[in-house]
Amino acid sequence: MAWLAAVLAAAALGSVVQSQFNMAAIVSLGVEVTPRQWISVTLQDLVGFAPLWAVVVAAALLIAFPVAALLARRMPEARMGVYFLAGGVGVMCALVLMAAVLPVTIVAAARSPLGMALMALGGAAGGVIFAQLTGTHTPPHSPEV
């Protein structure tokens with residue numbers, strides 16, 4: 001359940017990033033876009049692009065989180081940071097791999113360093129969600145009497 005929550009959050013955030021980059025590119029061509037249209041496109045992408053992006057994110061996190069688990073066992077105090085990095089690096093690796101294998105970068109936002117970083121930040125947010133939902137819960141220490 002935690003992995004699914006992480007995938008859904010990262011995919012939704014990545015979809016929103018992708019939409020904003022696409023809309024900014026359209027505006028840069030001189031096309032006037034109303035706020036209503038901008039929001040409409042973002043919502044449409046959450047339905048159309050996010051599920052496809054979720055498949056990529058799911059694969060990335062399926063590899064990244066077990067590696068993070070190994071590291072987090074060795075550094076429990078850095079657990080949240082480890083999963084944050086794992087999510088971000090996992091998505092970044094997926095984008096780099098797609099760019100190397102496919103003839104064109106299909107995720108338009110990933111064509112710039114800023115866009116790639118923001119897409120990876122979605123994965124990092126997924127990592128934080130995963131870490132929070134799977135964290136070990138220890139009872140608070142009772143004061144000694």
# chains A, B, ... in the order shown; residues from 1 in each chain; ligands from 1
>>> residues_around(residues="Leu118 in chain A", least_positions_apart="3", cutoff="9 Å", atoms="only C-alpha atoms", output="ChimeraX atom specification")
/A:13-14,17,109-110,113-115,121-123
>>> write_last_selection(atoms="C-alpha atoms", output="compact mmCIF listing (two decimals), in the first residue's frame")
# COMPACT_ATOMS: atom_id res chain seq x y z
CA LEU A 13 3.29 15.43 -9.28
CA GLY A 14 5.22 14.48 -12.42
CA VAL A 17 5.13 19.32 -13.85
CA ALA A 109 9.60 18.42 -19.22
CA ALA A 110 12.70 16.21 -19.08
CA PRO A 113 17.73 20.30 -16.54
CA LEU A 114 15.08 22.17 -14.54
CA GLY A 115 12.29 19.98 -15.87
CA LEU A 121 11.44 15.86 -7.19
CA GLY A 122 8.10 14.13 -7.71
CA GLY A 123 9.87 10.81 -7.23
>>> residues_around(residues="Val47 in chain A", least_positions_apart="5", cutoff="12 Å", atoms="only C-alpha atoms", output="VMD selection string")
chain A and resid 8 11 to 12 15 to 16 19 40 to 42 52 to 54
>>> write_last_selection(atoms="N, CA and C atoms", output="mmCIF file, in the first residue's frame")
data_model
loop_
_atom_site.group_PDB
_atom_site.id
_atom_site.type_symbol
_atom_site.label_atom_id
_atom_site.label_comp_id
_atom_site.auth_asym_id
_atom_site.auth_seq_id
_atom_site.Cartn_x
_atom_site.Cartn_y
_atom_site.Cartn_z
ATOM 1 N N LEU A 8 1.578 6.708 -6.897
ATOM 2 C CA LEU A 8 0.478 7.604 -7.297
ATOM 3 C C LEU A 8 0.832 9.068 -7.060
ATOM 4 N N ALA A 11 3.582 10.092 -9.571
ATOM 5 C CA ALA A 11 3.023 10.196 -10.922
ATOM 6 C C ALA A 11 2.166 11.445 -11.065
ATOM 7 N N ALA A 12 1.375 11.745 -10.058
ATOM 8 C CA ALA A 12 0.536 12.943 -10.107
ATOM 9 C C ALA A 12 1.399 14.206 -10.143
ATOM 10 N N SER A 15 3.067 14.503 -13.485
ATOM 11 C CA SER A 15 2.091 14.903 -14.498
ATOM 12 C C SER A 15 1.842 16.413 -14.450
ATOM 13 N N VAL A 16 1.721 16.943 -13.256
ATOM 14 C CA VAL A 16 1.511 18.386 -13.107
ATOM 15 C C VAL A 16 2.725 19.152 -13.640
ATOM 16 N N SER A 19 2.648 19.060 -17.420
ATOM 17 C CA SER A 19 1.615 19.969 -17.935
ATOM 18 C C SER A 19 2.093 21.411 -17.938
ATOM 19 N N SER A 40 -7.542 23.280 -16.967
ATOM 20 C CA SER A 40 -8.205 22.186 -17.678
ATOM 21 C C SER A 40 -7.192 21.205 -18.266
ATOM 22 N N VAL A 41 -6.149 21.734 -18.874
ATOM 23 C CA VAL A 41 -5.111 20.878 -19.451
ATOM 24 C C VAL A 41 -4.402 20.090 -18.350
ATOM 25 N N THR A 42 -4.128 20.743 -17.232
ATOM 26 C CA THR A 42 -3.468 20.063 -16.114
ATOM 27 C C THR A 42 -4.328 18.904 -15.621
ATOM 28 N N LEU A 52 0.191 6.706 -17.535
ATOM 29 C CA LEU A 52 1.348 6.217 -18.293
ATOM 30 C C LEU A 52 2.642 6.505 -17.534
ATOM 31 N N TRP A 53 2.734 7.678 -16.970
ATOM 32 C CA TRP A 53 3.906 8.060 -16.193
ATOM 33 C C TRP A 53 4.008 7.175 -14.942
ATOM 34 N N ALA A 54 2.876 6.776 -14.396
ATOM 35 C CA ALA A 54 2.874 5.919 -13.212
ATOM 36 C C ALA A 54 3.545 4.582 -13.488
#
>>> atom_distance(atom1="CA of Ala86 in chain A", atom2="CA of Ala64 in chain A")
5.3 Å
>>> residues_around(residues="Val128 in chain A", least_positions_apart="3", cutoff="9 Å", atoms="only C-alpha atoms", output="ChimeraX atom specification")
/A:6,80-85,87,123-125,131-133
>>> residues_around(residues="range 104-107 of chain A", least_positions_apart="2", cutoff="10 Å", atoms="only C-alpha atoms", output="PyMOL selection string")
chain A and resi 14-15+18+21-22+49+53+95-96+98-102+109-111+115-116+119
>>> atom_distance(atom1="CA of Gly90 in chain A", atom2="CA of Ile63 in chain A")
7.4 Å
>>> atom_distance(atom1="CA of Gly88 in chain A", atom2="CA of Ile39 in chain A")
25.8 Å
>>> select_by_dssp(residues="range 53-144 of chain A", states="alpha helix (DSSP H)", output="ChimeraX atom specification")
/A:53-74,79-101,113-134
>>> closest_residue(among="A:Ile129, A:Val91, A:Ala68, A:Val55", to="Trp3 in chain A", atoms="only C-alpha atoms")
A:Ile129
